[in-house]
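First the structure, in the form of structure tokens, and then the observations on it.
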Amino acid sequence: MKRTRETPRNPYRRIPAALALATSAMLAGGTLSVAAPQQHEPQAGQQRDSDDTPSLHDVIPAPTSVREEPGEKFHIKWNTGIHTPPDSSEAVEVAHYLQRQLRPSTGYGLLVNRDSPGRNDIVLRLDGSRERLGESGYRMDVDQDRLTIHATGSEGLFYGVQTLRQLLPAKAESDFPRHGPWKVRAGEIVDKPRFERRSAMLDVARHFFEVGQVKTYIDQLAQYKINYLHMHLSDDQGWRIQIDSWPRLTTHGGSTEVGGGEGGYYTKREFAEIVRYASSRNITIVPEIDMPGHTNAALASYAELNCDGEAPDLYTGIKVGFSSLCIDKEITYEFVDDVIREVAAMTPGQYLHIGGDEAHATTDEDYRKFMSRVLPIVEKYGKTPLGWHEYAKANPSESAMVQYWGTTNSNAEVAEAAARGNEILLSPAHKSYLDQKYNEDTELGLDWAGPTTVREAYDWDPGGFMKSVPESSIAGVEAPLWSETLTNSDEIEFMAFPRLPAIAELGWSSADELDWSSFRQRLAKQAPSWEEQGIDYYRSEQIPWS
Ligand code: NGO
């Protein structure tokens, strides 16, 4: 784990003294175009050309089409500028993001819109063909003189920038100044996503993760063009989001976690910061409040939510399926209304996840009764419901999304929901659950749906995966990371890397690009960049790491 660009930890970690001084000068120089760090040409003799310039064919997720021109290369130099339509504040924001990304390693100013585009410049343009690129695609043209990213909107520009990061030598991801050269091979990439929804999930309920840790994960997700982060904000072991109308949810319900640690929660201000940070990386936060089961933390906080009027103790184990809100009490729905109202107001995205999984302590009849009261509340506050696939049996309206988490490729209720018009989000537990062990020797993680190797995580096609669910009903894929056994960022990274990029490719790349033998080669080449970023990944023996 390493700091995000906005959350400095110790910037001098691993840095030799002389470089540390340079870095501190640069950090003090600010991040915007106004105060550029000192620009300098590398001294003669320092500049070593090397063959560490990646191929245009190395990108993950695999782009729609790639043409590489041998020989020629574009060169980011001390005087390289970034150009963008000045009247689009979103495009300018992407330009500044790219600048912040490359300044620490190159030591160059990379000024935004300093003058008109010239030699060695990077140009971000909003002139892409909508027909070819849609809302989210981009086209990258690289020749000796210029690197241009064309898109129809800032989203496509941002994805083009993520691709550019992978085309530079891995040391471009460094936190401190490194010697170039900073070259990109010439050619053209045309790229757009197969599915609209490429999601990850982080369980902050079983173990709590601080804002900075969530930001670090967001940065890791963004580089693989993930565009949703679903946050599992409540469970038996903890309630993690401030709700003004029910304050004990956090002060009591958020005060512990699995194993009995001190837990924690996000204030509204902190949560707003997560939402803002994610959105600056093109990621929408999807909040989940799990109900009617997985609610022990709420039940422990308010006695009146229990059918017998008695609050249970806080829970720090990892069993599931034992808790339930009281279906027949009116106060349950006042509680749900308040919570959904406040959570809806905190998140700009369209969907609000209401859980609905493993309600083993609720009868089927009660479950339907509960959902028939709760689904309209979600809609009343302007959100569209999303829930784990069990809630399909409660007949949510056809705009609702159903998240499949089973371990087979057939489920009658999910197929019926798709036939009724519900979109299906795929997170089959034996394929996309990042919390499953890699093999029986993996110390972290659970194994109820696994173990799951990198190849197993990659080798399936979301479009044709589920019986009787056509590709047109698939919203996309999600890689959930449950945290029963995970307590810090290093452990998050170990479980997510390298399976997260596998799921990201399944969500983005077209079916004919999905190919395990190509993927494992490309994955191996990502490792130097992860090392620069301080990502602690699992060295699966299936991947030909160099
Ligand atoms: C299940 C369960 C979660 C566990 C997870 C662990 C769903 C949707 N409900 O997935 O409570 O944390 O497995 O893998």
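Note on naming: chains are A, B, ... as they come in the structure tokens, residues start from 1 per chain, ligands start from 1 in the order shown.
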
### Message
Could you list, as JSON, numbers by chain, all residues that come within 6 Å of ligand 1? Count only C-alpha atoms and all ligand atoms.
### Response
{"A": [357, 405, 482]}

#### Entry: Shell around Lys192 (chain A) at 12 Å using only C-alpha atoms, local window under 6 positions removed, as a PyMOL selection string
chain A and resi 61-65+128-140+150-152+155-157+159-160+163+225+505+507-510

Could you please take those selected residues and save N, CA and C atoms as a tab-separated table (two decimals), in the first residue's frame?
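out30.tsv, freshly written:
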chain	number	residue	atom	x	y	z
A	61	PRO	N	-7.59	-3.27	-19.38
A	61	PRO	CA	-8.28	-4.25	-20.22
A	61	PRO	C	-7.90	-4.09	-21.70
A	62	ALA	N	-7.88	-5.23	-22.42
A	62	ALA	CA	-7.49	-5.21	-23.83
A	62	ALA	C	-8.40	-4.26	-24.61
A	63	PRO	N	-7.79	-3.31	-25.35
A	63	PRO	CA	-8.60	-2.36	-26.14
A	63	PRO	C	-9.30	-3.03	-27.32
A	64	THR	N	-10.26	-2.31	-27.89
A	64	THR	CA	-11.03	-2.83	-29.02
A	64	THR	C	-10.12	-3.07	-30.23
A	65	SER	N	-9.29	-2.10	-30.57
A	65	SER	CA	-8.34	-2.36	-31.66
A	65	SER	C	-7.03	-1.61	-31.41
A	128	GLY	N	-14.09	13.26	-30.64
A	128	GLY	CA	-14.22	11.86	-31.01
A	128	GLY	C	-15.53	11.58	-31.73
A	129	SER	N	-15.54	10.49	-32.50
A	129	SER	CA	-16.77	10.12	-33.20
A	129	SER	C	-17.70	9.36	-32.26
A	130	ARG	N	-18.89	9.92	-32.03
A	130	ARG	CA	-19.84	9.29	-31.11
A	130	ARG	C	-20.23	7.90	-31.61
A	131	GLU	N	-20.34	7.79	-32.91
A	131	GLU	CA	-20.74	6.51	-33.48
A	131	GLU	C	-19.71	5.43	-33.16
A	132	ARG	N	-18.45	5.81	-33.24
A	132	ARG	CA	-17.39	4.84	-33.05
A	132	ARG	C	-17.04	4.62	-31.58
A	133	LEU	N	-17.13	5.68	-30.79
A	133	LEU	CA	-16.59	5.62	-29.42
A	133	LEU	C	-17.65	5.64	-28.34
A	134	GLY	N	-18.89	5.97	-28.70
A	134	GLY	CA	-19.94	6.08	-27.70
A	134	GLY	C	-19.62	7.17	-26.69
A	135	GLU	N	-20.20	7.05	-25.49
A	135	GLU	CA	-20.00	8.07	-24.45
A	135	GLU	C	-18.67	7.89	-23.72
A	136	SER	N	-18.17	6.66	-23.69
A	136	SER	CA	-17.04	6.37	-22.80
A	136	SER	C	-15.76	5.99	-23.52
A	137	GLY	N	-15.81	5.85	-24.84
A	137	GLY	CA	-14.62	5.39	-25.55
A	137	GLY	C	-13.63	6.51	-25.86
A	138	TYR	N	-12.50	6.13	-26.41
A	138	TYR	CA	-11.48	7.10	-26.82
A	138	TYR	C	-10.67	6.50	-27.97
A	139	ARG	N	-10.00	7.40	-28.67
A	139	ARG	CA	-9.05	6.96	-29.70
A	139	ARG	C	-7.74	7.65	-29.39
A	140	MET	N	-6.68	6.89	-29.37
A	140	MET	CA	-5.37	7.49	-29.09
A	140	MET	C	-4.49	7.38	-30.33
A	150	HIS	N	-8.57	11.38	-28.42
A	150	HIS	CA	-9.86	11.92	-28.88
A	150	HIS	C	-10.96	11.18	-28.13
A	151	ALA	N	-11.97	11.93	-27.69
A	151	ALA	CA	-13.12	11.28	-27.04
A	151	ALA	C	-14.32	12.17	-27.25
A	152	THR	N	-15.50	11.66	-26.85
A	152	THR	CA	-16.69	12.49	-26.98
A	152	THR	C	-16.98	13.24	-25.68
A	155	GLU	N	-15.12	11.44	-19.79
A	155	GLU	CA	-14.98	10.06	-19.36
A	155	GLU	C	-14.00	9.31	-20.29
A	156	GLY	N	-14.22	9.48	-21.58
A	156	GLY	CA	-13.34	8.84	-22.56
A	156	GLY	C	-11.91	9.36	-22.44
A	157	LEU	N	-11.77	10.67	-22.21
A	157	LEU	CA	-10.42	11.24	-22.05
A	157	LEU	C	-9.74	10.59	-20.84
A	159	TYR	N	-10.26	7.65	-19.57
A	159	TYR	CA	-9.85	6.27	-19.89
A	159	TYR	C	-8.61	6.27	-20.80
A	160	GLY	N	-8.57	7.23	-21.72
A	160	GLY	CA	-7.39	7.33	-22.57
A	160	GLY	C	-6.14	7.60	-21.73
A	163	THR	N	-4.96	4.47	-20.15
A	163	THR	CA	-4.21	3.67	-21.11
A	163	THR	C	-2.80	4.24	-21.28
A	225	LYS	N	-10.05	1.01	-15.30
A	225	LYS	CA	-11.29	1.52	-15.91
A	225	LYS	C	-12.55	1.00	-15.23
A	505	GLU	N	-11.12	-6.66	-17.04
A	505	GLU	CA	-11.05	-6.96	-18.47
A	505	GLU	C	-12.35	-7.61	-18.96
A	507	GLY	N	-15.24	-7.05	-17.92
A	507	GLY	CA	-16.28	-6.02	-18.00
A	507	GLY	C	-16.07	-5.05	-19.15
A	508	TRP	N	-14.82	-4.86	-19.54
A	508	TRP	CA	-14.52	-3.83	-20.53
A	508	TRP	C	-14.33	-4.40	-21.95
A	509	SER	N	-13.55	-5.47	-22.08
A	509	SER	CA	-13.09	-5.88	-23.41
A	509	SER	C	-14.14	-6.70	-24.14
A	510	SER	N	-14.14	-6.60	-25.46
A	510	SER	CA	-15.13	-7.34	-26.24
A	510	SER	C	-14.83	-8.83	-26.16

Need the shell around Asp435 (chain A): protein/DNA/RNA residues with any atom at most 8 Å away, counting only C-alpha atoms. Skip same-chain ones fewer than 2 positions apart. Format as a PDB file with all heavy atoms, in the first residue's frame?
ATOM      1  N   TYR A 433     -15.541 -13.225  -6.648  1.00  0.00           N
ATOM      2  CA  TYR A 433     -15.347 -12.830  -5.249  1.00  0.00           C
ATOM      3  C   TYR A 433     -13.847 -12.772  -4.942  1.00  0.00           C
ATOM      4  O   TYR A 433     -13.173 -13.797  -4.888  1.00  0.00           O
ATOM      5  CB  TYR A 433     -16.030 -13.827  -4.305  1.00  0.00           C
ATOM      6  CG  TYR A 433     -17.449 -13.478  -3.920  1.00  0.00           C
ATOM      7  CD1 TYR A 433     -18.284 -12.800  -4.801  1.00  0.00           C
ATOM      8  CD2 TYR A 433     -17.955 -13.831  -2.673  1.00  0.00           C
ATOM      9  CE1 TYR A 433     -19.595 -12.493  -4.439  1.00  0.00           C
ATOM     10  CE2 TYR A 433     -19.263 -13.526  -2.309  1.00  0.00           C
ATOM     11  CZ  TYR A 433     -20.080 -12.852  -3.194  1.00  0.00           C
ATOM     12  OH  TYR A 433     -21.360 -12.546  -2.843  1.00  0.00           O
ATOM     13  N   LYS A 437      -9.895 -17.547  -1.249  1.00  0.00           N
ATOM     14  CA  LYS A 437      -8.477 -17.915  -1.288  1.00  0.00           C
ATOM     15  C   LYS A 437      -8.063 -18.278  -2.717  1.00  0.00           C
ATOM     16  O   LYS A 437      -8.885 -18.732  -3.507  1.00  0.00           O
ATOM     17  CB  LYS A 437      -8.246 -19.139  -0.395  1.00  0.00           C
ATOM     18  CG  LYS A 437      -8.406 -18.871   1.095  1.00  0.00           C
ATOM     19  CD  LYS A 437      -8.228 -20.168   1.871  1.00  0.00           C
ATOM     20  CE  LYS A 437      -8.479 -19.985   3.360  1.00  0.00           C
ATOM     21  NZ  LYS A 437      -7.500 -19.137   4.053  1.00  0.00           N
ATOM     22  N   GLY A 445      -8.446 -14.787   3.529  1.00  0.00           N
ATOM     23  CA  GLY A 445      -9.601 -15.095   2.691  1.00  0.00           C
ATOM     24  C   GLY A 445     -10.450 -16.238   3.196  1.00  0.00           C
ATOM     25  O   GLY A 445     -10.097 -16.951   4.127  1.00  0.00           O
ATOM     26  N   LEU A 446     -11.603 -16.395   2.557  1.00  0.00           N
ATOM     27  CA  LEU A 446     -12.535 -17.481   2.854  1.00  0.00           C
ATOM     28  C   LEU A 446     -12.448 -18.476   1.693  1.00  0.00           C
ATOM     29  O   LEU A 446     -11.855 -18.176   0.655  1.00  0.00           O
ATOM     30  CB  LEU A 446     -13.959 -16.937   2.970  1.00  0.00           C
ATOM     31  CG  LEU A 446     -14.184 -15.820   4.002  1.00  0.00           C
ATOM     32  CD1 LEU A 446     -15.636 -15.350   3.954  1.00  0.00           C
ATOM     33  CD2 LEU A 446     -13.821 -16.293   5.408  1.00  0.00           C
ATOM     34  N   PRO A 480     -16.591  -8.278  -5.792  1.00  0.00           N
ATOM     35  CA  PRO A 480     -16.758  -7.923  -4.378  1.00  0.00           C
ATOM     36  C   PRO A 480     -15.552  -8.367  -3.540  1.00  0.00           C
ATOM     37  O   PRO A 480     -14.997  -9.438  -3.749  1.00  0.00           O
ATOM     38  CB  PRO A 480     -18.003  -8.702  -3.947  1.00  0.00           C
ATOM     39  CG  PRO A 480     -18.688  -9.114  -5.223  1.00  0.00           C
ATOM     40  CD  PRO A 480     -17.551  -9.312  -6.194  1.00  0.00           C
ATOM     41  N   LEU A 481     -15.177  -7.519  -2.598  1.00  0.00           N
ATOM     42  CA  LEU A 481     -14.110  -7.875  -1.664  1.00  0.00           C
ATOM     43  C   LEU A 481     -14.669  -7.791  -0.251  1.00  0.00           C
ATOM     44  O   LEU A 481     -14.829  -6.697   0.314  1.00  0.00           O
ATOM     45  CB  LEU A 481     -12.906  -6.947  -1.850  1.00  0.00           C
ATOM     46  CG  LEU A 481     -11.653  -7.258  -1.020  1.00  0.00           C
ATOM     47  CD1 LEU A 481     -11.290  -8.741  -1.072  1.00  0.00           C
ATOM     48  CD2 LEU A 481     -10.465  -6.444  -1.522  1.00  0.00           C
ATOM     49  N   TRP A 482     -15.028  -8.959   0.287  1.00  0.00           N
ATOM     50  CA  TRP A 482     -15.558  -9.050   1.655  1.00  0.00           C
ATOM     51  C   TRP A 482     -14.386  -9.065   2.617  1.00  0.00           C
ATOM     52  O   TRP A 482     -13.313  -9.611   2.287  1.00  0.00           O
ATOM     53  CB  TRP A 482     -16.389 -10.322   1.793  1.00  0.00           C
ATOM     54  CG  TRP A 482     -17.548 -10.367   0.847  1.00  0.00           C
ATOM     55  CD1 TRP A 482     -17.591 -10.995  -0.370  1.00  0.00           C
ATOM     56  CD2 TRP A 482     -18.827  -9.751   1.012  1.00  0.00           C
ATOM     57  NE1 TRP A 482     -18.819 -10.811  -0.961  1.00  0.00           N
ATOM     58  CE2 TRP A 482     -19.599 -10.054  -0.126  1.00  0.00           C
ATOM     59  CE3 TRP A 482     -19.396  -8.976   2.024  1.00  0.00           C
ATOM     60  CZ2 TRP A 482     -20.912  -9.603  -0.293  1.00  0.00           C
ATOM     61  CZ3 TRP A 482     -20.705  -8.535   1.866  1.00  0.00           C
ATOM     62  CH2 TRP A 482     -21.453  -8.843   0.722  1.00  0.00           C
ATOM     63  N   SER A 483     -14.595  -8.508   3.810  1.00  0.00           N
ATOM     64  CA  SER A 483     -13.416  -8.255   4.640  1.00  0.00           C
ATOM     65  C   SER A 483     -13.410  -9.002   5.979  1.00  0.00           C
ATOM     66  O   SER A 483     -12.784  -8.542   6.930  1.00  0.00           O
ATOM     67  CB  SER A 483     -13.278  -6.752   4.875  1.00  0.00           C
ATOM     68  OG  SER A 483     -14.373  -6.279   5.639  1.00  0.00           O
ATOM     69  N   MET A 495      -5.410  -9.716  -2.042  1.00  0.00           N
ATOM     70  CA  MET A 495      -6.557 -10.472  -2.561  1.00  0.00           C
ATOM     71  C   MET A 495      -7.040  -9.920  -3.911  1.00  0.00           C
ATOM     72  O   MET A 495      -7.529 -10.653  -4.758  1.00  0.00           O
ATOM     73  CB  MET A 495      -7.712 -10.457  -1.550  1.00  0.00           C
ATOM     74  CG  MET A 495      -7.393 -11.091  -0.199  1.00  0.00           C
ATOM     75  SD  MET A 495      -6.641 -12.733  -0.297  1.00  0.00           S
ATOM     76  CE  MET A 495      -8.083 -13.764  -0.587  1.00  0.00           C
ATOM     77  N   ALA A 496      -6.913  -8.611  -4.098  1.00  0.00           N
ATOM     78  CA  ALA A 496      -7.447  -7.992  -5.322  1.00  0.00           C
ATOM     79  C   ALA A 496      -6.501  -8.144  -6.510  1.00  0.00           C
ATOM     80  O   ALA A 496      -6.946  -8.224  -7.656  1.00  0.00           O
ATOM     81  CB  ALA A 496      -7.743  -6.523  -5.074  1.00  0.00           C
TER      82      ALA A 496
END

Within 9 Å of region 456-472 of chain A, counting only C-alpha atoms, which residues qualify if same-chain residues fewer than 2 places away don't, as an mmCIF file with C-alpha atoms, in the first residue's frame?
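Okay, this is what ended up in selection_26.cif:
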data_model
loop_
_atom_site.group_PDB
_atom_site.id
_atom_site.type_symbol
_atom_site.label_atom_id
_atom_site.label_comp_id
_atom_site.auth_asym_id
_atom_site.auth_seq_id
_atom_site.Cartn_x
_atom_site.Cartn_y
_atom_site.Cartn_z
ATOM 1 C CA THR A 408 -23.569 -21.820 -10.686
ATOM 2 C CA ASN A 409 -24.593 -20.529 -14.076
ATOM 3 C CA SER A 410 -28.294 -20.985 -13.635
ATOM 4 C CA ASN A 411 -30.882 -19.450 -11.341
ATOM 5 C CA ALA A 412 -34.580 -19.510 -12.172
ATOM 6 C CA VAL A 414 -32.715 -14.374 -11.847
ATOM 7 C CA ALA A 415 -33.749 -15.608 -15.300
ATOM 8 C CA GLU A 416 -37.361 -14.622 -14.560
ATOM 9 C CA ALA A 418 -34.314 -10.704 -16.587
ATOM 10 C CA ALA A 419 -37.392 -11.751 -18.567
ATOM 11 C CA GLU A 423 -30.921 -5.717 -15.509
ATOM 12 C CA ILE A 424 -28.553 -8.271 -13.988
ATOM 13 C CA LEU A 426 -22.908 -10.470 -12.362
ATOM 14 C CA HIS A 430 -16.758 -18.729 -7.465
ATOM 15 C CA LYS A 431 -15.420 -16.393 -10.176
ATOM 16 C CA SER A 432 -15.467 -12.780 -9.080
ATOM 17 C CA TYR A 433 -15.347 -12.830 -5.249
ATOM 18 C CA LEU A 434 -11.925 -11.408 -4.455
ATOM 19 C CA THR A 452 -10.344 -19.328 -7.025
ATOM 20 C CA THR A 453 -7.201 -19.125 -9.130
ATOM 21 C CA VAL A 454 -6.436 -16.169 -11.394
ATOM 22 C CA ILE A 474 -26.376 -7.980 -18.356
ATOM 23 C CA ALA A 475 -25.507 -4.583 -16.855
ATOM 24 C CA GLY A 476 -21.944 -5.665 -16.221
ATOM 25 C CA VAL A 477 -19.717 -7.339 -13.662
ATOM 26 C CA ARG A 499 -7.757 -10.974 -9.899
ATOM 27 C CA LEU A 500 -9.255 -7.477 -9.994
ATOM 28 C CA PRO A 501 -7.660 -6.672 -13.403
ATOM 29 C CA ALA A 502 -9.104 -10.005 -14.636
ATOM 30 C CA ILE A 503 -12.661 -8.993 -13.751
ATOM 31 C CA GLU A 505 -11.048 -6.955 -18.474
ATOM 32 C CA LEU A 506 -14.193 -9.136 -18.546
ATOM 33 C CA GLY A 507 -16.283 -6.023 -18.002
ATOM 34 C CA ALA A 511 -15.775 -11.095 -26.157
ATOM 35 C CA LEU A 514 -10.884 -12.389 -24.049
ATOM 36 C CA ASP A 515 -8.019 -14.825 -24.196
ATOM 37 C CA TRP A 516 -6.281 -16.355 -21.187
ATOM 38 C CA PHE A 519 -4.060 -12.048 -20.587
#

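All residues of protein, DNA or RNA that reach within 7 Å of region 203-220 of chain A, judged by only C-alpha atoms and not counting those fewer than 5 positions away in the chain, are A:Arg3, A:Thr4, A:Thr7, A:Met231, A:His232, A:Leu233, A:Ser234, A:Asp235, A:Gln237, A:Gly238, A:Trp239, A:Arg240, A:Glu257, A:Val258, A:Gly263, A:Gly264, A:Glu270, A:Ile274, A:Ala278, A:Leu481, A:Trp482, A:Ser483, A:Glu484, A:Leu486, A:Thr487, A:Ser489.
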
Take the residues from that selection and write them out as a PDB file, in the first residue's frame, keeping N, CA and C atoms.
ATOM      1  N   ARG A   3       0.679   5.754  -0.456  1.00  0.00           N
ATOM      2  CA  ARG A   3      -0.232   6.889  -0.372  1.00  0.00           C
ATOM      3  C   ARG A   3      -0.927   7.109  -1.716  1.00  0.00           C
ATOM      4  N   THR A   4      -2.084   7.732  -1.701  1.00  0.00           N
ATOM      5  CA  THR A   4      -2.670   8.212  -2.937  1.00  0.00           C
ATOM      6  C   THR A   4      -2.007   9.542  -3.229  1.00  0.00           C
ATOM      7  N   THR A   7      -3.190  11.986  -0.589  1.00  0.00           N
ATOM      8  CA  THR A   7      -3.113  11.735   0.846  1.00  0.00           C
ATOM      9  C   THR A   7      -1.688  11.375   1.223  1.00  0.00           C
ATOM     10  N   MET A 231     -20.075   0.189  -1.851  1.00  0.00           N
ATOM     11  CA  MET A 231     -19.547   0.117  -0.480  1.00  0.00           C
ATOM     12  C   MET A 231     -20.568  -0.562   0.419  1.00  0.00           C
ATOM     13  N   HIS A 232     -20.152  -1.661   1.015  1.00  0.00           N
ATOM     14  CA  HIS A 232     -21.011  -2.435   1.919  1.00  0.00           C
ATOM     15  C   HIS A 232     -20.891  -1.778   3.297  1.00  0.00           C
ATOM     16  N   LEU A 233     -21.871  -0.895   3.590  1.00  0.00           N
ATOM     17  CA  LEU A 233     -21.714   0.044   4.710  1.00  0.00           C
ATOM     18  C   LEU A 233     -22.300  -0.438   6.029  1.00  0.00           C
ATOM     19  N   SER A 234     -23.047  -1.533   6.009  1.00  0.00           N
ATOM     20  CA  SER A 234     -23.613  -2.005   7.274  1.00  0.00           C
ATOM     21  C   SER A 234     -23.694  -3.516   7.254  1.00  0.00           C
ATOM     22  N   ASP A 235     -23.491  -4.113   8.406  1.00  0.00           N
ATOM     23  CA  ASP A 235     -23.638  -5.564   8.533  1.00  0.00           C
ATOM     24  C   ASP A 235     -23.774  -5.889  10.010  1.00  0.00           C
ATOM     25  N   GLN A 237     -21.657  -6.862  12.046  1.00  0.00           N
ATOM     26  CA  GLN A 237     -20.493  -6.475  12.848  1.00  0.00           C
ATOM     27  C   GLN A 237     -20.270  -4.971  12.938  1.00  0.00           C
ATOM     28  N   GLY A 238     -20.958  -4.187  12.117  1.00  0.00           N
ATOM     29  CA  GLY A 238     -20.698  -2.755  12.224  1.00  0.00           C
ATOM     30  C   GLY A 238     -21.574  -1.912  11.307  1.00  0.00           C
ATOM     31  N   TRP A 239     -21.872  -0.706  11.779  1.00  0.00           N
ATOM     32  CA  TRP A 239     -22.612   0.286  10.986  1.00  0.00           C
ATOM     33  C   TRP A 239     -21.638   1.426  10.732  1.00  0.00           C
ATOM     34  N   ARG A 240     -21.388   1.742   9.448  1.00  0.00           N
ATOM     35  CA  ARG A 240     -20.228   2.595   9.120  1.00  0.00           C
ATOM     36  C   ARG A 240     -20.556   3.965   8.542  1.00  0.00           C
ATOM     37  N   GLU A 257     -15.710  -4.371  15.326  1.00  0.00           N
ATOM     38  CA  GLU A 257     -15.603  -5.044  14.020  1.00  0.00           C
ATOM     39  C   GLU A 257     -15.251  -6.505  14.275  1.00  0.00           C
ATOM     40  N   VAL A 258     -15.081  -7.281  13.216  1.00  0.00           N
ATOM     41  CA  VAL A 258     -14.709  -8.686  13.384  1.00  0.00           C
ATOM     42  C   VAL A 258     -13.435  -8.767  14.218  1.00  0.00           C
ATOM     43  N   GLY A 263     -13.278  -0.729  15.257  1.00  0.00           N
ATOM     44  CA  GLY A 263     -14.238  -0.351  14.212  1.00  0.00           C
ATOM     45  C   GLY A 263     -14.065   1.070  13.740  1.00  0.00           C
ATOM     46  N   GLY A 264     -15.189   1.755  13.542  1.00  0.00           N
ATOM     47  CA  GLY A 264     -15.119   3.131  13.052  1.00  0.00           C
ATOM     48  C   GLY A 264     -16.281   3.385  12.107  1.00  0.00           C
ATOM     49  N   GLU A 270     -16.813  13.051   5.761  1.00  0.00           N
ATOM     50  CA  GLU A 270     -15.827  12.097   5.227  1.00  0.00           C
ATOM     51  C   GLU A 270     -16.398  11.301   4.052  1.00  0.00           C
ATOM     52  N   ILE A 274     -15.143  10.880   0.105  1.00  0.00           N
ATOM     53  CA  ILE A 274     -14.980   9.646  -0.677  1.00  0.00           C
ATOM     54  C   ILE A 274     -15.742   9.764  -2.001  1.00  0.00           C
ATOM     55  N   ALA A 278     -13.873   9.713  -5.567  1.00  0.00           N
ATOM     56  CA  ALA A 278     -14.222   8.681  -6.547  1.00  0.00           C
ATOM     57  C   ALA A 278     -14.680   9.337  -7.840  1.00  0.00           C
ATOM     58  N   LEU A 481     -15.177  -7.519  -2.598  1.00  0.00           N
ATOM     59  CA  LEU A 481     -14.110  -7.875  -1.664  1.00  0.00           C
ATOM     60  C   LEU A 481     -14.669  -7.791  -0.251  1.00  0.00           C
ATOM     61  N   TRP A 482     -15.028  -8.959   0.287  1.00  0.00           N
ATOM     62  CA  TRP A 482     -15.558  -9.050   1.655  1.00  0.00           C
ATOM     63  C   TRP A 482     -14.386  -9.065   2.617  1.00  0.00           C
ATOM     64  N   SER A 483     -14.595  -8.508   3.810  1.00  0.00           N
ATOM     65  CA  SER A 483     -13.416  -8.255   4.640  1.00  0.00           C
ATOM     66  C   SER A 483     -13.410  -9.002   5.979  1.00  0.00           C
ATOM     67  N   GLU A 484     -14.069 -10.167   6.033  1.00  0.00           N
ATOM     68  CA  GLU A 484     -14.009 -10.927   7.293  1.00  0.00           C
ATOM     69  C   GLU A 484     -12.568 -11.152   7.750  1.00  0.00           C
ATOM     70  N   LEU A 486      -9.763  -9.520   6.357  1.00  0.00           N
ATOM     71  CA  LEU A 486      -8.836  -8.494   5.859  1.00  0.00           C
ATOM     72  C   LEU A 486      -8.831  -7.280   6.771  1.00  0.00           C
ATOM     73  N   THR A 487      -7.653  -6.870   7.210  1.00  0.00           N
ATOM     74  CA  THR A 487      -7.598  -5.792   8.190  1.00  0.00           C
ATOM     75  C   THR A 487      -6.836  -4.561   7.718  1.00  0.00           C
ATOM     76  N   SER A 489      -4.634  -2.345   4.134  1.00  0.00           N
ATOM     77  CA  SER A 489      -4.559  -2.175   2.679  1.00  0.00           C
ATOM     78  C   SER A 489      -3.686  -3.233   2.018  1.00  0.00           C
TER      79      SER A 489
END

## Note on the structure
One residue among A:Gly317, A:Pro451, A:Pro312, A:Pro169 is nearest to Thr256 (chain A) when using only C-alpha atoms, and that residue is A:Gly317

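Nearest-residue note for Ser427 (chain A): choosing from A:Leu147, A:Met201, A:Tyr367, A:Lys380, the minimum distance belongs to A:Met201, counting only C-alpha atoms.
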
### Task
Please run DSSP on the backbone and report, as an NGL selection string, all residues within region 71-212 of chain A that come out as strand (DSSP E or B).
:A and (71-76 or 82-83 or 112 or 121-125 or 138-142 or 146-151 or 182-191 or 197-203)

### Query
Could you pull the residues within 10 Å of Val378 (chain A), counting only C-alpha atoms, minus those fewer than 4 positions along the same chain, as a ChimeraX atom specification?
/A:336-337,340-341,344,351-354,373-374,382-386

Which residues are close to Ala170 (chain A), i.e. within 6 Å by only C-alpha atoms, leaving aside same-chain residues fewer than 3 positions away? Reply as an mmCIF file with C-alpha atoms, in the first residue's frame.
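out_22.cif was written with the following content:
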data_model
loop_
_atom_site.group_PDB
_atom_site.id
_atom_site.type_symbol
_atom_site.label_atom_id
_atom_site.label_comp_id
_atom_site.auth_asym_id
_atom_site.auth_seq_id
_atom_site.Cartn_x
_atom_site.Cartn_y
_atom_site.Cartn_z
ATOM 1 C CA GLU A 173 4.265 5.455 -11.570
ATOM 2 C CA PRO A 528 6.661 -3.532 -12.310
ATOM 3 C CA SER A 529 3.994 -0.825 -12.235
#

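Distance-wise, CA of Asp141 (chain A) and CA of Ala186 (chain A) end up 7.6 Å apart.
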
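Minimum atom-to-atom distance to Thr80 (chain A), evaluated using only C-alpha atoms, belongs to A:Leu111 out of A:Cys307, A:Leu56, A:Val142, A:Leu111.
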
### Query
Which parts of region 305-546 of chain A does DSSP call helix (DSSP H, G or I) when run on the backbone here, written out as an MDAnalysis selection string?
chainID A and resid 305 330:346 364:380 389:394 412:420 429:432 454:458 471:473 489:496 499:508 511:513 516:533
